[in-house]
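Data block below; observations after.
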Number of protein chains: 2
Amino acid sequence: MSETIVSAAAGPAAPTTGALRPLGLGAVTLDPDGLLGAWQQRNAEATLPHCVEQLEATGTTDNLRRIVGESDAPAFRGMWFADSDVHKTLEAAAWELARRPDDRLAEFVEATTALLERVQDPDGYLNSYFQGDHRDRQWAEPVWSHELYCAGHLIQAAVAASRSGTAAGTRLLAVARRFADLLVERYGAGGSAGEAVCGHPEIETALVELYRTTGHRPYLDLAARFVDLRGRGLLGDDPKFGPQYYQDHAPVREATEVTGHAVRQLYLLAGVVDVAVETGDTSLLDAAVRLWESAFGTKTYLTGAHGSRHRDEAFGDPYELPPDRAYAETCAAIASFSWNWRMLLATGGHRYADELERVLYNGIACSTSLDGRHFFYSNPLQLRTGHDGSHEDAPSQRLPWYSCACCPPNLARLVASLQAYTATVTDAGVQLHLYAAGTIATPHGTVAVATDYPWDGRVTLTVTPSDPGSVWTLALRIPGWCTAATLDGAPVGGEYAEVTRAWQPGDTVVLELAMPPRLVTGHPRVDAVRGCAALLRGPLVYCLEQTDLPDDVLVDDVTLDLDAPVEAGPGDGATVVLTARGSHHPAGGAPLYAPPGRVAGTPVRLTAVPYFRWANREPGAMRVWIPATT
Amino acid sequence: MSETIVSAAAGPAAPTTGALRPLGLGAVTLDPDGLLGAWQQRNAEATLPHCVEQLEATGTTDNLRRIVGESDAPAFRGMWFADSDVHKTLEAAAWELARRPDDRLAEFVEATTALLERVQDPDGYLNSYFQGDHRDRQWAEPVWSHELYCAGHLIQAAVAASRSGTAAGTRLLAVARRFADLLVERYGAGGSAGEAVCGHPEIETALVELYRTTGHRPYLDLAARFVDLRGRGLLGDDPKFGPQYYQDHAPVREATEVTGHAVRQLYLLAGVVDVAVETGDTSLLDAAVRLWESAFGTKTYLTGAHGSRHRDEAFGDPYELPPDRAYAETCAAIASFSWNWRMLLATGGHRYADELERVLYNGIACSTSLDGRHFFYSNPLQLRTGHDGSHEDAPSQRLPWYSCACCPPNLARLVASLQAYTATVTDAGVQLHLYAAGTIATPHGTVAVATDYPWDGRVTLTVTPSDPGSVWTLALRIPGWCTAATLDGAPVGGEYAEVTRAWQPGDTVVLELAMPPRLVTGHPRVDAVRGCAALLRGPLVYCLEQTDLPDDVLVDDVTLDLDAPVEAGPGDGATVVLTARGSHHPAGGAPLYAPPGRVAGTPVRLTAVPYFRWANREPGAMRVWIPATT
């Protein structure tokens with residue numbers, strides 16, 4: 001048996017090499033008074049228990065129990081890949097238990113681990129859909145079965161349980177390894193499955209993490225093999241979806257654009273970076289960089305979200321970014337976060353940290369209600385008056401659960417480990433990428449972060465060096481959106497503000513990131529937002545909601561005056577809202593098409609709230625992009 | 001047996017009452033030198049033979065043959081409702097045979113009729129998908145089976161064969177009646193199926209036409225029953241689509257918006273008008289008017305097309321009309337044409353004739369290539385540079401056939417009977433709705449139409465009254481787009497220009513419809529085309545194609561100068577093209593989001609071609625809506 005090659009207490013992504021090193025799982029503590037810390041607390045108190053409850057309420061855990069005669073449910077319930085919801089919730093619980101003890105969560109992890117042990121076939125196979133009523137189809141449908149996808153989430157749960165030191169960690173890791181060993185046997189070079197890949201990527205990154213945790217090279221080799229085999233037409237050409245849907249149209253090294261199902265593409269790319277880093281394959285990393293530029297140069301929403309089409313849950317064409325029909329799946333945003341974190345660790349590139357922040361505060365944060373128990377699956381940037389929200393494909397409000405419930409437990413696992421994504425280290429010092437009140441313990445020393453970010457741009461850092469007088473560099477990210485930053489009062493520019501000194505206990509550094517309200521417009525080819533502007537402040541995208549307008553002024557009928565100042569002021573729950581001058585152009589009964597002309601407007605005061613908080617007061621229309629006048 | 005209650009040679013829609021009466025099938029002859037006549041000729045020479053060939057090449061006719069042991073095909077091929085493609089092609093052939101003799105077509109009708117006679121079950125059932133490999137599921141799946149949809153198209157084919165006097169007409173009508181009688185027995189009040197409707201409307205209008213042809217009241221009663229039962233949740237709530245998808249969320253009398261699958265909604269509404277007219281149900285007609293206003297006030301493309309979403313092939317929300325992701329299905333455009341024709345006959349309303357014209361010359365005409373053998377299923381108003389056209393859901397060019405091949409034979413049946421939609425009569429006179437070179441024979445007399453419409457707005461009408469000196473009114477539609485019309489040189493306004501006189505043989509009237517190039521913009525709530533204008537002339541929508549621009553000027557990067565004159569001039573194939581002044585703003589590498597600013601432009605001459613002719617020269621980007629500058 002091989003050995004662990006990363007710290008036993010590593011975080012969710014633990015490359016063995018790269019420009020920056022992640023911190024251990026327990027290194028960072030977020031203050032629950034800060035936005036990210038409060039989110040993590042809500043996740044622990046509401047979202048995660050809600051997921052555990054829903055696994056029971058929807059029969060998802062029963063799907064596993066009935067395999068071993070512990071449930072009398074007559075049939076499998078839910079999507080055929082619903083096991084993955086159990087695995088993701090298990091992963092979330094494991095990360096959460098690394099932060100704090102919780103008897104109920106520990107019991108959930110223990111009981112679920114024991115259940116998975118009983119359900120697992122002697123050869124290591126574990127998938128309640130195929131073990132139950134569809135044994136004849138086991139391994140038979142690589143395009144749609146999601147068997148390796150589910151295996152990947154099982155592996156990730158086991159890696160988390162192991163790294164977080166939960167009591168069940170060793171046993172769950174053994175379950176995962178038995179399955180992974182079976183996969184190596186079947187899918188590895190010379191294996192019985194021949195050349196094959198799964199329709200839904202996910203196994204790649206999971207196998208690399210398992211390699212990092214166990215040191216067992218065949219897991220890495222299999223991940224690399226899956227990356228290399230993909231794009232060679234092994235999945236066939238499904239007449240309804242086409243090979244782009246599952247990124248089987250071209251090998252990743254040759255692909256020029258992100259395409260197809262957004263979650264699949266982004267999960268694959270996270271795995272591609274993992275494989276590239278562990279194998280030292282620079283050409284593979286180059287491919288990831290090239291596809292990153294396709295994604296973030298032409299196919300990303302202002303909120304950092306991805307996926308312009310409900311049809312096929314797909315990236316669309318370059319610049320096809322409709323705010324109303326944004327699919328912008330929560331899982332795609334989480335996948336983008338994971339991918340950008342890996343790109344940041346691998347390269348140290350500032351732009352990846354910018355995207356981490358953008359998608360976290362907007363594309364991801366938006367998906368959960370303030371009560372932590374309701375979720376968007378799709379995260380549009382506009383909802384019209386008269387929207388038919390009767391269907392879960394495009395509901396008017398967050399729903400407690402979905403028939404395809406991939407997103408809520410995905411949120412739970414990300415947020416439970418959120419602290420791990422704030423900072424990194426190198427031999428030269430400590431790098432802060434996301435600002436959140438809390439404490440960061442590193443080999444160089446501890447950095448206490450005091451800030452009301454993202455509501456305020458002042459970040460005060462108090463350093464306690466491990467070795468007083470040691471010289472190292474504290475690098476503080478200057479977000480791409482920030483055009484005026486100061487460090488201890490002196491203007492600083494560039495990508496990271498660096499302080500190199502012989503640190504003494506109690507040394508303090510103050511970073512001030514000016515965050516005046518600002519306006520952005522879309523690239524001229526983003527036809528869907530032509531003539532509009534969006535309001536932002538700091539990392540936050542803002543939006544107009546109908547509830548902030550008089551009843552007779554529809555949010556569909558207002559324009560924003562670009563020449564008037566936008567003001568920031570206090571909003572609900574210690575948030576910051578923006579107010580701006582606009583006009584109301586009632587246009588209800590006008591014909592659909594008419595000669596050029598302009599509907600007269602009357603002044604109206606516009607209040608914009610953070611996008612991530614929309615649809616938390618009352619149902620109604622919303623828009624991020626506001627028609628602009630000058 | 002009851003009697004025919006409309007003329008045996010009636011056209012495709014033959015209400016027994018209404019504001020206007022359609023002319024008989026042979027009453028109108030289109031001149032093949034005119035645009036509509038040439039289209040009809042191309043349909044006869046290319047599209048219709050192509051459909052017949054494709055039915056063979058794709059195994060669609062073999063699906064029927066194998067039921068009676070006349071094909072050794074191992075399994076049913078194509079969509080489970082592929083029988084309807086045979087029925088629609090049969091209908092098209094029947095209409096075509098009413099225009100001119102054609103031995104090969106007559107043989108196709110004869111052979112297919114004989115095949116259907118052999119395939120039909122003794123009780124009247126006829127559906128090769130269920131008769132073949134799925135007999136256990138016959139009648140069992142009303143939501144998805146399309147059994148009544150296929151029955152409807154069979155009935156329409158039989159009605160056409162009967163009205164067009166083809167040799168096989170009587171026999172095909174007998175086949176259709178046997179099936180219809182079975183439907184009355186099963187689905188009529190007290191029938192064995194109880195209260196049930198089909199997931200895909202179509203049977204309603206077919207049964208009314210069958211009633212009109214046979215005088216057999218139970219067919220009408222069953223159509224009325226289907227209309228009344230729909231919207232009561234009988235189809236259940238499919239978790240993926242929701243009841244709006246098949247218009248089962250609300251009874252049509254209560255529905256306030258057109259919604260769901262566009263073809264289903266529009267086929268249903270055609271049937272609703274048919275039922276309302278034949279039963280004298282004014283409240284039902286009121287519902288149709290209300291839904292018409294929803295459709296044409298908030299959910300119609302500039303081309304007259306419908307369906308804003310690929311997902312669910314659906315009408316979207318009001319004002320959700322993206323040009324790039326327009327689904328705009330060809331069949332929906334044809335359904336809209338059918339519905340508007342029925343509304344026009346029922347009410348005499350001018351606006352319905354305007355929509356007939358708009359959708360015919362744009363949304364429908366666009367779908368067929370100049371060679372008559374390639375088709376769009378979806379008809380977008382924009383195609384970007386870099387579009388991934390590899391999938392038939394959104395191809396870059398017209399395709400010869402589709403896995404779901406509903407559209408090509410639907411085009412064939414409409415165009416083969418196109419002459420029937422140009423004019424109507426009343427006791428008071430003759431009404432011309434669509435202008436096309438040809439001859440219109442009516443009880444009042446014959447009207448010879450000489451015109452180069454839509455390229456030129458001059459229409460010369462020469463009248464030969466049946467009874468010289470008889471007094472009647474020739475009513476000539478002034479299209480809604482026309483702001484300057486003259487009749488024999490004198491300005492005329494209103495909806496129809498009327499000439500009432502004692503007509504003498506050779507009397508001539510000249511209508512002149514000024515058709516200068518014009519610009520339109522979208523309603524301010526149509527976010528997807530904000531800041532853009534479209535170029536039109538007469539009934540035609542125009543578009544820019546990449547092929548008309550220099551290689552280094554992408555159609556994605558040009559703007560239109562609203563202040564400069566637009567000029568009309570000769571184009572390919574005796575068409576008219578428009579030229580306008582624009583600017584080129586190269587924006588390729590710019591960031592996706594940036595502070596407000598403007599990319600500098602350089603002048604460029606823009607050439608716009610009729611939208612319906614796009615993608616006939618070489619592949620490339622296209623746009624109807626052009627970003628506008630002033």
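Ligands are numbered from 1 in the order shown, residues from 1 within each chain, and chains are lettered A, B, ... in the order they appear in the structure tokens.
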Selection near region 40-45 of chain B, 7 Å with only C-alpha atoms, sequence-local residues under 5 positions removed, as a ChimeraX atom specification: /B:32,96,372,412,415-416
Can you pull out every residue within 8 Å of Ala223 (chain A), counting only C-alpha atoms, but drop anything in the same chain fewer than 5 positions away, and send it as an mmCIF file with C-alpha atoms, in the first residue's frame?
data_model
loop_
_atom_site.group_PDB
_atom_site.id
_atom_site.type_symbol
_atom_site.label_atom_id
_atom_site.label_comp_id
_atom_site.auth_asym_id
_atom_site.auth_seq_id
_atom_site.Cartn_x
_atom_site.Cartn_y
_atom_site.Cartn_z
ATOM 1 C CA ILE A 203 -14.087 11.059 -12.028
ATOM 2 C CA GLU A 204 -10.915 12.765 -13.289
ATOM 3 C CA THR A 205 -10.497 15.252 -10.480
ATOM 4 C CA LEU A 207 -9.077 10.152 -8.954
ATOM 5 C CA VAL A 208 -6.319 12.751 -8.766
ATOM 6 C CA GLY A 271 -9.623 17.489 -13.681
ATOM 7 C CA VAL A 275 -3.753 15.854 -14.147
#
Would you list the contacts of region 518-531 of chain B as a count of residues only, taking every protein, DNA or RNA residue within 9 Å and counting only C-alpha atoms, but skipping same-chain residues closer than 4 positions in sequence? 43
What residues in region 105-193 of chain B get the DSSP label helix (DSSP H, G or I)? Please answer as a PyMOL selection string. chain B and resi 105-119+128-132+135-137+147-163+169-187
Could you pull the residues within 12 Å of Asn63 (chain A), counting only C-alpha atoms, minus those fewer than 4 positions along the same chain, as a PyMOL selection string? chain A and resi 55-59+67-86+115-116+119+126-133
Residues within 8 Å of Glu329 (chain A), only C-alpha atoms, excluding chain neighbours under 2 positions, as a VMD selection string: chain A and resid 263 305 to 307 313 327 331 to 333 377 to 379
Let's have the selection written as a JSON list (two decimals), in the first residue's frame, with N, CA and C atoms.
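Wrote it out as part.json, contents follow:
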[["chain", "number", "residue", "atom", "x", "y", "z"],
["A", 263, "VAL", "N", -21.56, 22.23, -16.98],
["A", 263, "VAL", "CA", -21.01, 21.57, -15.79],
["A", 263, "VAL", "C", -20.00, 20.51, -16.22],
["A", 305, "ALA", "N", -21.18, 33.51, -13.83],
["A", 305, "ALA", "CA", -21.87, 32.25, -14.14],
["A", 305, "ALA", "C", -21.63, 31.84, -15.59],
["A", 306, "HIS", "N", -21.90, 30.57, -15.84],
["A", 306, "HIS", "CA", -21.71, 30.00, -17.18],
["A", 306, "HIS", "C", -22.94, 29.22, -17.61],
["A", 307, "GLY", "N", -23.12, 29.19, -18.92],
["A", 307, "GLY", "CA", -24.21, 28.38, -19.48],
["A", 307, "GLY", "C", -25.34, 29.28, -19.96],
["A", 313, "GLU", "N", -28.38, 22.62, -21.39],
["A", 313, "GLU", "CA", -27.66, 23.21, -20.25],
["A", 313, "GLU", "C", -26.26, 23.65, -20.69],
["A", 327, "TYR", "N", -28.85, 30.25, -18.26],
["A", 327, "TYR", "CA", -29.06, 29.02, -17.50],
["A", 327, "TYR", "C", -28.23, 29.13, -16.23],
["A", 331, "CYS", "N", -24.35, 24.61, -10.18],
["A", 331, "CYS", "CA", -23.24, 23.65, -10.22],
["A", 331, "CYS", "C", -22.14, 24.10, -11.17],
["A", 332, "ALA", "N", -22.50, 24.78, -12.24],
["A", 332, "ALA", "CA", -21.48, 25.28, -13.16],
["A", 332, "ALA", "C", -20.66, 26.38, -12.49],
["A", 333, "ALA", "N", -21.32, 27.21, -11.71],
["A", 333, "ALA", "CA", -20.60, 28.27, -10.99],
["A", 333, "ALA", "C", -19.63, 27.65, -9.98],
["A", 377, "TYR", "N", -31.50, 26.70, -9.13],
["A", 377, "TYR", "CA", -30.71, 25.77, -9.93],
["A", 377, "TYR", "C", -30.12, 26.57, -11.08],
["A", 378, "SER", "N", -30.97, 27.38, -11.68],
["A", 378, "SER", "CA", -30.60, 28.30, -12.75],
["A", 378, "SER", "C", -30.60, 29.70, -12.15],
["A", 379, "ASN", "N", -29.64, 30.52, -12.54],
["A", 379, "ASN", "CA", -29.48, 31.84, -11.92],
["A", 379, "ASN", "C", -29.53, 32.94, -12.96]]
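You will find CA of Ala10 (chain A) at 8.5 Å from CA of Gly26 (chain A).
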In Å, how far is it from CA of Tyr421 (chain A) to CA of Arg99 (chain A)? 14.1 Å
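Considering the residues A:Thr460, A:Ser417, A:Ser338, A:Gln247 and counting only C-alpha atoms, Gly11 (chain A) has its shortest atom-to-atom contact with A:Ser417.
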What's the 9 Å shell around Gln265 (chain B), counting only C-alpha atoms, without same-chain residues fewer than 6 positions away, as a ChimeraX atom specification? /B:200-201,245-247,258-259,315,332,335
Output all heavy atoms of each residue in that selection to a file, as a tab-separated table (two decimals), in the first residue's frame.
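Output file result15.tsv is given in full below:
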chain	number	residue	atom	x	y	z
B	200	HIS	N	-50.75	16.36	-28.22
B	200	HIS	CA	-50.44	17.27	-29.34
B	200	HIS	C	-51.71	17.58	-30.12
B	200	HIS	O	-52.19	16.73	-30.87
B	200	HIS	CB	-49.39	16.65	-30.26
B	200	HIS	CG	-48.70	17.65	-31.14
B	200	HIS	ND1	-49.38	18.62	-31.85
B	200	HIS	CD2	-47.39	17.86	-31.41
B	200	HIS	CE1	-48.52	19.36	-32.52
B	200	HIS	NE2	-47.31	18.92	-32.26
B	201	PRO	N	-52.25	18.79	-29.97
B	201	PRO	CA	-53.42	19.17	-30.76
B	201	PRO	C	-53.16	19.05	-32.26
B	201	PRO	O	-52.02	19.15	-32.71
B	201	PRO	CB	-53.63	20.65	-30.38
B	201	PRO	CG	-52.98	20.79	-29.05
B	201	PRO	CD	-51.80	19.85	-29.08
B	245	TYR	N	-46.90	23.16	-21.37
B	245	TYR	CA	-46.26	22.65	-22.58
B	245	TYR	C	-47.30	22.20	-23.60
B	245	TYR	O	-47.18	22.49	-24.80
B	245	TYR	CB	-45.35	21.48	-22.21
B	245	TYR	CG	-44.67	20.79	-23.37
B	245	TYR	CD1	-43.58	21.37	-23.99
B	245	TYR	CD2	-45.12	19.56	-23.83
B	245	TYR	CE1	-42.95	20.73	-25.05
B	245	TYR	CE2	-44.49	18.92	-24.88
B	245	TYR	CZ	-43.41	19.50	-25.49
B	245	TYR	OH	-42.79	18.87	-26.54
B	246	TYR	N	-48.33	21.49	-23.12
B	246	TYR	CA	-49.36	21.02	-24.06
B	246	TYR	C	-50.71	21.69	-23.82
B	246	TYR	O	-51.77	21.12	-24.09
B	246	TYR	CB	-49.49	19.49	-24.06
B	246	TYR	CG	-49.13	18.77	-22.77
B	246	TYR	CD1	-49.82	18.99	-21.60
B	246	TYR	CD2	-48.08	17.87	-22.75
B	246	TYR	CE1	-49.49	18.32	-20.43
B	246	TYR	CE2	-47.72	17.19	-21.58
B	246	TYR	CZ	-48.43	17.42	-20.43
B	246	TYR	OH	-48.10	16.76	-19.28
B	247	GLN	N	-50.64	22.91	-23.30
B	247	GLN	CA	-51.83	23.75	-23.14
B	247	GLN	C	-52.91	23.05	-22.32
B	247	GLN	O	-54.11	23.15	-22.59
B	247	GLN	CB	-52.41	24.20	-24.48
B	247	GLN	CG	-51.51	25.13	-25.27
B	247	GLN	CD	-50.37	24.41	-25.97
B	247	GLN	OE1	-50.56	23.35	-26.57
B	247	GLN	NE2	-49.18	24.94	-25.90
B	258	VAL	N	-50.84	32.97	-24.89
B	258	VAL	CA	-50.33	31.81	-25.60
B	258	VAL	C	-49.08	31.34	-24.87
B	258	VAL	O	-48.27	32.13	-24.42
B	258	VAL	CB	-50.00	32.13	-27.09
B	258	VAL	CG1	-51.27	32.37	-27.87
B	258	VAL	CG2	-49.05	33.30	-27.22
B	259	THR	N	-48.96	30.03	-24.72
B	259	THR	CA	-47.85	29.51	-23.92
B	259	THR	C	-47.50	28.10	-24.34
B	259	THR	O	-48.20	27.48	-25.14
B	259	THR	CB	-48.23	29.56	-22.42
B	259	THR	OG1	-47.08	29.23	-21.63
B	259	THR	CG2	-49.32	28.57	-22.08
B	315	PHE	N	-43.20	29.14	-26.77
B	315	PHE	CA	-43.39	30.57	-26.57
B	315	PHE	C	-42.67	30.89	-25.25
B	315	PHE	O	-42.78	30.13	-24.28
B	315	PHE	CB	-44.88	30.87	-26.34
B	315	PHE	CG	-45.70	30.93	-27.59
B	315	PHE	CD1	-46.59	29.90	-27.88
B	315	PHE	CD2	-45.61	32.01	-28.45
B	315	PHE	CE1	-47.38	29.95	-29.03
B	315	PHE	CE2	-46.40	32.07	-29.59
B	315	PHE	CZ	-47.28	31.04	-29.88
B	332	ALA	N	-44.55	26.06	-36.73
B	332	ALA	CA	-45.30	27.06	-35.97
B	332	ALA	C	-45.73	28.21	-36.89
B	332	ALA	O	-46.83	28.75	-36.77
B	332	ALA	CB	-44.47	27.58	-34.80
B	335	ALA	N	-48.56	26.99	-38.83
B	335	ALA	CA	-49.74	26.95	-37.96
B	335	ALA	C	-50.32	28.34	-37.75
B	335	ALA	O	-51.54	28.53	-37.73
B	335	ALA	CB	-49.36	26.33	-36.61
Excluding Ser162 (chain A) and residues on its chain fewer than 2 positions from it, collect all residues at most 12 Å away from it, counting only C-alpha atoms, and give them as a PyMOL selection string. chain A and resi 4+6-12+25+90-91+93-95+97-98+109+113+155-160+164-177+209-210+212-214
Among region 16-186 of chain A, which residues does DSSP mark as strand (DSSP E) when it is run on the backbone? Keep the chain and numbering as in the structure and answer as a count of residues only. 5
